[in-house]
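Chemist: Structure: entry-v8.csv, CSV, C-alpha atoms.
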```csv
chain,number,residue,atom,x,y,z
A,1,MET,CA,-25.3,-52.9,-1.3
A,2,GLN,CA,-23.4,-51.0,-4.0
A,3,THR,CA,-23.6,-47.2,-3.7
A,4,ASP,CA,-25.3,-45.3,-6.6
A,5,THR,CA,-22.4,-43.0,-7.4
A,6,THR,CA,-24.6,-40.6,-9.4
A,7,ARG,CA,-26.4,-39.7,-6.2
A,8,LEU,CA,-23.3,-38.7,-4.3
A,9,PRO,CA,-22.7,-35.0,-3.8
A,10,ILE,CA,-20.2,-32.8,-5.7
A,11,GLY,CA,-17.5,-31.4,-3.3
A,12,VAL,CA,-16.7,-27.7,-3.7
A,13,PHE,CA,-14.0,-25.9,-1.7
A,14,ASP,CA,-12.5,-22.5,-1.4
A,15,SER,CA,-10.5,-20.5,1.1
A,16,GLY,CA,-13.6,-18.7,2.2
A,17,VAL,CA,-16.9,-17.5,0.8
A,18,GLY,CA,-15.9,-16.4,-2.7
A,19,GLY,CA,-16.3,-19.9,-4.1
A,20,LEU,CA,-20.0,-19.6,-3.3
A,21,THR,CA,-20.3,-17.7,-6.6
A,22,VAL,CA,-19.1,-21.0,-8.3
A,23,LEU,CA,-21.6,-23.0,-6.1
A,24,ARG,CA,-24.4,-20.6,-7.2
A,25,ALA,CA,-23.5,-21.2,-10.9
A,26,LEU,CA,-23.3,-24.9,-10.3
A,27,ARG,CA,-26.7,-25.0,-8.7
A,28,GLN,CA,-28.2,-23.0,-11.7
A,29,HIS,CA,-26.6,-25.4,-14.3
A,30,LEU,CA,-27.2,-28.6,-12.3
A,31,PRO,CA,-30.5,-28.4,-10.3
A,32,ALA,CA,-30.6,-32.2,-9.7
A,33,GLU,CA,-27.1,-32.3,-8.1
A,34,SER,CA,-26.4,-32.2,-4.4
A,35,PHE,CA,-23.3,-30.3,-3.1
A,36,LEU,CA,-21.0,-30.3,-0.1
A,37,TYR,CA,-19.2,-26.9,0.2
A,38,LEU,CA,-16.2,-26.3,2.4
A,39,GLY,CA,-14.9,-22.8,3.1
A,40,ASP,CA,-11.5,-22.8,4.8
A,41,THR,CA,-12.3,-19.6,6.6
A,42,ALA,CA,-9.7,-20.1,9.4
A,43,ARG,CA,-6.8,-19.7,7.0
A,44,LEU,CA,-8.1,-17.3,4.3
A,45,PRO,CA,-6.9,-15.7,2.2
A,46,TYR,CA,-4.8,-18.3,0.3
A,47,GLY,CA,-3.4,-15.6,-2.1
A,48,THR,CA,-0.9,-14.4,0.5
A,49,LYS,CA,0.3,-17.8,1.4
A,50,SER,CA,3.3,-19.7,-0.1
A,51,PRO,CA,2.6,-22.3,-2.8
A,52,GLN,CA,3.7,-25.0,-0.3
A,53,SER,CA,1.1,-23.9,2.2
A,54,VAL,CA,-1.7,-23.6,-0.4
A,55,MET,CA,-0.8,-27.1,-1.6
A,56,ARG,CA,-1.1,-28.5,2.0
A,57,TYR,CA,-4.3,-26.6,2.7
A,58,ALA,CA,-5.9,-27.9,-0.6
A,59,LEU,CA,-5.0,-31.5,0.2
A,60,GLN,CA,-6.5,-31.2,3.7
A,61,CYS,CA,-9.7,-29.6,2.4
A,62,THR,CA,-10.2,-32.1,-0.4
A,63,ARG,CA,-9.4,-35.0,2.0
A,64,GLN,CA,-12.3,-33.8,4.2
A,65,LEU,CA,-14.6,-33.8,1.2
A,66,VAL,CA,-13.5,-37.2,-0.2
A,67,GLU,CA,-13.8,-38.9,3.2
A,68,ARG,CA,-17.4,-37.6,3.3
A,69,GLY,CA,-18.1,-39.3,0.0
A,70,VAL,CA,-18.1,-37.0,-3.0
A,71,LYS,CA,-18.2,-38.0,-6.6
A,72,MET,CA,-16.3,-35.0,-8.0
A,73,LEU,CA,-14.1,-32.1,-6.7
A,74,VAL,CA,-14.5,-28.5,-7.8
A,75,VAL,CA,-11.7,-26.2,-6.7
A,76,ALA,CA,-13.6,-22.9,-6.5
A,77,CYS,CA,-10.4,-21.0,-5.6
A,78,ASN,CA,-8.2,-19.4,-8.2
A,79,THR,CA,-5.0,-19.7,-6.1
A,80,ALA,CA,-5.6,-23.4,-5.2
A,81,SER,CA,-6.6,-24.1,-8.8
A,82,ALA,CA,-3.3,-22.6,-10.0
A,83,VAL,CA,-1.1,-24.4,-7.4
A,84,ALA,CA,-2.7,-27.6,-6.4
A,85,LEU,CA,-4.8,-29.1,-9.2
A,86,ASP,CA,-2.3,-31.7,-10.4
A,87,ALA,CA,-1.5,-32.8,-6.9
A,88,LEU,CA,-5.2,-33.2,-6.1
A,89,ALA,CA,-5.7,-35.3,-9.2
A,90,GLN,CA,-2.8,-37.5,-8.2
A,91,ALA,CA,-4.0,-37.9,-4.6
A,92,TRP,CA,-7.5,-39.0,-5.6
A,93,PRO,CA,-7.3,-40.4,-9.2
A,94,GLU,CA,-10.7,-41.9,-8.8
A,95,VAL,CA,-12.4,-38.5,-8.3
A,96,PRO,CA,-12.6,-36.1,-11.2
A,97,VAL,CA,-11.2,-32.6,-10.3
A,98,VAL,CA,-12.2,-29.3,-12.0
A,99,GLY,CA,-10.6,-25.9,-11.3
A,100,VAL,CA,-11.7,-22.4,-12.2
A,101,VAL,CA,-8.6,-21.1,-14.0
A,102,ARG,CA,-8.6,-23.1,-17.2
A,103,PRO,CA,-12.3,-22.9,-17.9
A,104,GLY,CA,-12.1,-19.1,-17.6
A,105,ALA,CA,-9.0,-18.9,-19.8
A,106,ARG,CA,-10.7,-21.1,-22.4
A,107,ALA,CA,-13.8,-18.9,-22.4
A,108,GLY,CA,-11.6,-15.7,-22.7
A,109,CYS,CA,-9.9,-17.2,-25.8
A,110,ALA,CA,-13.2,-18.1,-27.4
A,111,ALA,CA,-14.6,-14.7,-26.8
A,112,THR,CA,-11.8,-12.4,-28.0
A,113,ARG,CA,-11.9,-11.0,-31.5
A,114,SER,CA,-8.6,-9.1,-31.4
A,115,GLY,CA,-6.5,-11.5,-29.3
A,116,ARG,CA,-6.2,-8.8,-26.6
A,117,ILE,CA,-7.4,-10.2,-23.3
A,118,ALA,CA,-7.4,-8.5,-19.8
A,119,VAL,CA,-7.5,-10.5,-16.6
A,120,ILE,CA,-8.4,-8.9,-13.2
A,121,ALA,CA,-7.8,-10.9,-10.0
A,122,THR,CA,-6.2,-10.7,-6.6
A,123,GLU,CA,-2.6,-9.7,-6.2
A,124,GLY,CA,-1.6,-13.4,-5.5
A,125,THR,CA,-3.3,-14.7,-8.6
A,126,VAL,CA,-1.9,-11.9,-10.9
A,127,ARG,CA,1.6,-12.4,-9.4
A,128,GLY,CA,1.4,-16.2,-9.8
A,129,GLY,CA,0.6,-15.8,-13.5
A,130,ALA,CA,-1.8,-18.7,-13.7
A,131,TYR,CA,-4.3,-17.1,-16.0
A,132,GLN,CA,-1.6,-15.6,-18.2
A,133,ARG,CA,0.0,-19.1,-18.7
A,134,ALA,CA,-3.3,-20.8,-19.3
A,135,ILE,CA,-4.4,-18.2,-21.9
A,136,GLN,CA,-1.0,-18.3,-23.6
A,137,GLU,CA,-1.1,-22.1,-23.8
A,138,LEU,CA,-4.6,-22.0,-25.4
A,139,CYS,CA,-4.0,-18.9,-27.6
A,140,PRO,CA,-0.2,-18.4,-28.2
A,141,GLU,CA,-0.9,-15.3,-30.2
A,142,ALA,CA,-2.9,-13.6,-27.4
A,143,HIS,CA,-1.7,-10.3,-25.9
A,144,ILE,CA,-2.5,-10.5,-22.2
A,145,VAL,CA,-2.6,-7.8,-19.6
A,146,ALA,CA,-3.3,-8.6,-15.9
A,147,LYS,CA,-4.2,-6.2,-13.1
A,148,ALA,CA,-4.8,-6.8,-9.4
A,149,CYS,CA,-8.0,-5.3,-8.1
A,150,PRO,CA,-7.9,-6.1,-4.3
A,151,LEU,CA,-10.6,-3.6,-3.3
A,152,PHE,CA,-13.1,-5.5,-5.3
A,153,VAL,CA,-12.8,-8.3,-2.7
A,154,ALA,CA,-13.7,-5.9,0.2
A,155,LEU,CA,-16.6,-4.3,-1.8
A,156,ALA,CA,-18.1,-7.8,-2.6
A,157,GLU,CA,-17.9,-8.8,1.1
A,158,GLU,CA,-19.5,-5.6,2.2
A,159,GLY,CA,-22.3,-5.9,-0.4
A,160,TRP,CA,-21.2,-2.7,-2.1
A,161,THR,CA,-21.4,-4.1,-5.6
A,162,SER,CA,-23.1,-1.3,-7.3
A,163,GLY,CA,-23.5,2.5,-6.9
A,164,PRO,CA,-21.1,5.4,-6.8
A,165,VAL,CA,-18.4,3.8,-4.6
A,166,ALA,CA,-18.2,0.6,-6.6
A,167,GLU,CA,-18.2,2.4,-9.9
A,168,ALA,CA,-15.5,4.8,-8.8
A,169,VAL,CA,-13.2,2.0,-7.7
A,170,ALA,CA,-14.0,0.1,-10.9
A,171,ARG,CA,-13.1,3.2,-13.0
A,172,GLU,CA,-9.9,3.7,-11.1
A,173,TYR,CA,-8.8,0.1,-11.8
A,174,LEU,CA,-10.2,-0.4,-15.3
A,175,GLU,CA,-10.0,2.9,-17.2
A,176,PRO,CA,-6.2,2.7,-17.6
A,177,LEU,CA,-6.6,-0.8,-19.1
A,178,PHE,CA,-9.4,-0.1,-21.5
A,179,CYS,CA,-9.0,3.7,-22.1
A,180,VAL,CA,-12.0,5.9,-22.9
A,181,PRO,CA,-14.0,4.6,-25.8
A,182,GLY,CA,-13.0,6.6,-28.9
A,183,GLY,CA,-10.0,8.1,-27.1
A,184,PRO,CA,-6.2,7.7,-27.7
A,185,GLY,CA,-5.2,4.0,-27.5
A,186,ALA,CA,-8.7,2.7,-27.5
A,187,ALA,CA,-8.0,0.6,-30.7
A,188,GLN,CA,-5.3,-1.3,-28.8
A,189,ALA,CA,-7.5,-1.9,-25.7
A,190,PRO,CA,-8.5,-5.5,-24.8
A,191,ASP,CA,-11.9,-6.6,-26.1
A,192,THR,CA,-12.3,-9.3,-23.5
A,193,LEU,CA,-12.1,-9.2,-19.7
A,194,VAL,CA,-11.7,-12.3,-17.6
A,195,LEU,CA,-12.9,-12.0,-14.0
A,196,GLY,CA,-10.2,-14.1,-12.3
A,197,CYS,CA,-11.4,-14.0,-8.7
A,198,THR,CA,-14.5,-15.7,-7.4
A,199,HIS,CA,-15.5,-12.5,-5.6
A,200,PHE,CA,-15.7,-10.5,-8.8
A,201,PRO,CA,-18.9,-11.9,-10.4
A,202,LEU,CA,-20.8,-9.9,-7.8
A,203,LEU,CA,-19.4,-6.7,-9.4
A,204,ALA,CA,-19.9,-7.9,-13.0
A,205,GLY,CA,-22.7,-5.4,-13.7
A,206,THR,CA,-20.6,-2.5,-12.5
A,207,VAL,CA,-17.5,-3.7,-14.4
A,208,ALA,CA,-19.5,-4.1,-17.6
A,209,ARG,CA,-20.8,-0.6,-17.4
A,210,VAL,CA,-17.3,0.8,-16.9
A,211,VAL,CA,-15.6,-1.2,-19.7
A,212,GLY,CA,-18.5,-0.7,-22.2
A,213,PRO,CA,-20.7,-2.9,-24.3
A,214,ASP,CA,-17.9,-3.8,-26.8
A,215,VAL,CA,-15.9,-5.8,-24.1
A,216,ALA,CA,-16.9,-9.4,-23.4
A,217,VAL,CA,-16.9,-10.0,-19.6
A,218,ILE,CA,-16.1,-13.6,-18.7
A,219,ASP,CA,-17.4,-15.0,-15.4
A,220,SER,CA,-15.1,-17.9,-14.5
A,221,ALA,CA,-17.8,-19.2,-12.1
A,222,GLN,CA,-20.2,-19.7,-15.0
A,223,THR,CA,-17.5,-21.3,-17.3
A,224,ALA,CA,-16.4,-23.7,-14.5
A,225,ALA,CA,-20.0,-24.7,-13.9
A,226,ALA,CA,-20.5,-25.4,-17.6
A,227,GLU,CA,-17.3,-27.6,-17.6
A,228,VAL,CA,-18.5,-29.5,-14.6
A,229,ALA,CA,-21.9,-30.2,-16.4
A,230,ASP,CA,-20.0,-31.5,-19.4
A,231,LEU,CA,-17.7,-33.7,-17.4
A,232,LEU,CA,-20.6,-35.2,-15.5
A,233,ALA,CA,-22.3,-36.1,-18.7
A,234,ARG,CA,-19.2,-37.6,-20.2
A,235,THR,CA,-18.4,-39.7,-17.2
A,236,GLY,CA,-21.9,-40.9,-16.5
A,237,LEU,CA,-21.9,-39.3,-13.1
A,238,ALA,CA,-24.8,-36.9,-13.6
A,239,ALA,CA,-27.6,-37.3,-11.0
A,240,PRO,CA,-31.0,-38.5,-12.3
A,241,LYS,CA,-33.4,-35.6,-13.0
A,242,GLY,CA,-35.7,-35.0,-10.2
A,243,SER,CA,-33.3,-36.3,-7.6
A,244,PRO,CA,-33.3,-34.6,-4.1
A,245,ALA,CA,-30.6,-31.9,-4.3
A,246,PRO,CA,-29.5,-30.7,-0.8
A,247,THR,CA,-26.6,-28.4,-0.3
A,248,ARG,CA,-24.5,-28.7,2.9
A,249,PHE,CA,-22.0,-26.2,4.2
A,250,LEU,CA,-18.8,-26.6,6.1
A,251,ALA,CA,-16.4,-24.0,7.4
A,252,THR,CA,-13.2,-24.1,9.5
A,253,ASP,CA,-14.1,-20.9,11.5
A,254,ASP,CA,-16.9,-18.5,12.5
A,255,PRO,CA,-20.1,-19.9,11.0
A,256,GLY,CA,-21.9,-16.6,11.8
A,257,ARG,CA,-19.7,-14.6,9.5
A,258,PHE,CA,-19.7,-17.3,6.9
A,259,ALA,CA,-23.5,-17.2,6.9
A,260,ARG,CA,-23.8,-13.4,6.8
A,261,VAL,CA,-21.3,-12.8,4.0
A,262,GLY,CA,-21.9,-16.1,2.2
A,263,GLY,CA,-25.6,-15.2,1.7
A,264,LEU,CA,-24.5,-12.3,-0.5
A,265,PHE,CA,-22.5,-14.6,-2.7
A,266,LEU,CA,-25.0,-17.4,-2.8
A,267,GLY,CA,-27.9,-15.1,-3.5
A,268,ARG,CA,-30.0,-16.5,-0.6
A,269,THR,CA,-30.2,-16.3,3.2
A,270,LEU,CA,-27.9,-18.6,5.2
A,271,ALA,CA,-28.2,-19.1,8.9
A,272,PRO,CA,-25.3,-19.9,11.2
A,273,ASP,CA,-27.0,-23.2,12.0
A,274,ASP,CA,-26.7,-24.1,8.3
A,275,VAL,CA,-22.9,-24.2,8.6
A,276,ALA,CA,-21.1,-27.0,10.4
A,277,VAL,CA,-17.6,-26.2,11.7
A,278,VAL,CA,-14.9,-28.8,10.9
A,279,ASP,CA,-11.3,-29.1,12.1
A,280,LEU,CA,-8.8,-29.9,9.4
```
As C-alpha cells - that is how I would like this structure written.
Modeler:
Amino acid sequence: MQTDTTRLPIGVFDSGVGGLTVLRALRQHLPAESFLYLGDTARLPYGTKSPQSVMRYALQCTRQLVERGVKMLVVACNTASAVALDALAQAWPEVPVVGVVRPGARAGCAATRSGRIAVIATEGTVRGGAYQRAIQELCPEAHIVAKACPLFVALAEEGWTSGPVAEAVAREYLEPLFCVPGGPGAAQAPDTLVLGCTHFPLLAGTVARVVGPDVAVIDSAQTAAAEVADLLARTGLAAPKGSPAPTRFLATDDPGRFARVGGLFLGRTLAPDDVAVVDL
C-alpha cells in the first residue's frame, strides 16, 4: 500500500531546546500537521563548534529524522542553518529543507524603511556572519549591524524573560545600538531588529519595550513557520484539515532537563516521559 505522504510528520531539529520556539510557531500556523522534534542536547551548543563538526552533527540529526519517515526538514538552529543547509538538501534531495536564517533575513528586508537593520544573536552566529550575508544578498543597499547577546540565552532558559533583570540586560545590549529616542544619533539608528537566535523570541516583549515602538522586531521563528506553510502548499504536502496532529520529542541526553526547560519554550508542560532518548 502506498504511503500518504501528506500525513507524514515534519521533522524539526535543533542543538537543544531553543528550536522549540520554531516548533511552537509551526504548530500555530499548521494545526493539522504532525511533528517530530529532535534536540541534540548531548552536544549543545553548536555555536562554539567548528563548521565541520556542525555539518557532521546536522547530517546525523537529519538522518535520524529521515529514517523515521518525515516529509520535510526544518532546521530550527541558526548555526546549522548557516553551515549545513546546502549539504542537507544534497543528502536528501527528495525531502524539502527549510532553515531559519533566510526567512528572518527576508522579513527584516521587507520591514525596514531606512535600510538600517540590526541583528542580535549568539556569538557564533554573529561571528559567522550568516544573517549579514543573507540580508546583504536580499538588500544590497542595507546597512547592517550585528551584536552578540549571549546572556539572553541564559535568561530564556531560566524563565527570566521579563522584569527588571531581563530589562537591565536588554538595555545594556541594545541601547548602544538604538540610542535613546530623540537623542544624538537616533536618526541613524536601525529601524528593524532581527532576533537571530531561537531563544530570543521568549524575550521579544522586553526587547520591544527597550527599542521602542518605532522599531520592527522580527521573530525568525514566525517567519520560518510562514515559509514552511507556503512550501507545503506549493508542493502539495500539506496535511488534510482535521488530521490527527501528534508531536513527538527526541533528545540525545537528559530528558528531564529537556522537558523542564523545553516547556518554557513550547508554552506548555512537558514530562520527561514525553521525550525519547536516541543515540546518534
Chemist: Find the spatial neighbours of His29 in chain A, counting all atoms listed in the file, within a cut-off of 9 Å - ignore same-chain residues fewer than 3 positions away - and output them as a list in words.
Modeler: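 Here the answer would be Arg24, Ala25, Leu26, Gln222, Ala225, Ala226 and Ala229 of chain A.
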Chemist: I'd like the contact shell of Ala271 in chain A - 12 Å cut-off, all atoms listed in the file, skipping same-chain residues fewer than 2 positions apart - returned as a VMD selection string.
Modeler: chain A and resid 248 to 249 254 to 263 268 to 269 273 to 276
Chemist: When you count all atoms listed in the file, which of these residues is closest to Val95 in chain A: A:Ala130, A:Val215, A:Ala111, A:Val74?
Modeler: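 With all atoms listed in the file as the atom set, the closest residue is A:Val74.
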Chemist: Counting all atoms listed in the file, find residues at most 12 Å from (5.5, -24.0, -4.7) (file frame) and give them as JSON, numbers by chain.
Modeler: {"A": [49, 50, 51, 52, 53, 54, 55, 56, 79, 80, 82, 83, 84, 87, 128]}
Chemist: Excluding Ala42 in chain A and residues on its chain fewer than 3 positions from it, collect all residues at most 12 Å away from it, counting all atoms listed in the file, and give them as number ranges by chain.
Modeler: A: 14-17, 38-39, 45-46, 57, 61, 250-255, 257-258, 277-280
Chemist: List every protein, DNA or RNA residue that has an atom no more than 10 Å from (-29.2, -30.9, -15.1) in the file's coordinate frame, counting all atoms listed in the file, and report them as a list in words.
Modeler: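 Selection result: Leu26, Arg27, Gln28, His29, Leu30, Pro31, Ala32, Glu33, Ala229, Leu232, Ala233, Ala238, Ala239, Pro240, Lys241 and Gly242 of chain A.
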Chemist: Can you tell me which residues surround Glu227 in chain A at a distance of at most 12 Å, considering all atoms listed in the file, apart from same-chain residues fewer than 6 positions away, and format the answer as a list in words?
Modeler: Val22, Ala25, Leu26, His29, Leu30, Val74, Pro96, Val97, Val98, Gly99, Val100, Val101, Arg102, Pro103, Gly104, Arg106, Ala107, Ser220, Ala221, Ala233 and Arg234 of chain A
Chemist: Could those selected residues go to a file with C-alpha atoms, as a tab-separated table (two decimals), in the coordinates of the input?
Modeler:
```tsv
chain	number	residue	atom	x	y	z
A	22	VAL	CA	-19.10	-21.00	-8.30
A	25	ALA	CA	-23.50	-21.20	-10.90
A	26	LEU	CA	-23.30	-24.90	-10.30
A	29	HIS	CA	-26.60	-25.40	-14.30
A	30	LEU	CA	-27.20	-28.60	-12.30
A	74	VAL	CA	-14.50	-28.50	-7.80
A	96	PRO	CA	-12.60	-36.10	-11.20
A	97	VAL	CA	-11.20	-32.60	-10.30
A	98	VAL	CA	-12.20	-29.30	-12.00
A	99	GLY	CA	-10.60	-25.90	-11.30
A	100	VAL	CA	-11.70	-22.40	-12.20
A	101	VAL	CA	-8.60	-21.10	-14.00
A	102	ARG	CA	-8.60	-23.10	-17.20
A	103	PRO	CA	-12.30	-22.90	-17.90
A	104	GLY	CA	-12.10	-19.10	-17.60
A	106	ARG	CA	-10.70	-21.10	-22.40
A	107	ALA	CA	-13.80	-18.90	-22.40
A	220	SER	CA	-15.10	-17.90	-14.50
A	221	ALA	CA	-17.80	-19.20	-12.10
A	233	ALA	CA	-22.30	-36.10	-18.70
A	234	ARG	CA	-19.20	-37.60	-20.20
```
Chemist: Of the candidates A:Gly18, A:Leu270, A:Trp92, A:His143, which shows the shortest atom-to-atom distance to Thr41 in chain A, using all atoms listed in the file?
Modeler: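 Nearest candidate to Thr41 in chain A out of A:Gly18, A:Leu270, A:Trp92, A:His143: A:Gly18.
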Chemist: Could you jot down the CA of Leu264 in chain A to CA of Ile117 in chain A separation for me, Å, one decimal place?
Modeler: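 Between CA of Leu264 in chain A and CA of Ile117 in chain A the gap works out to 28.6 Å.
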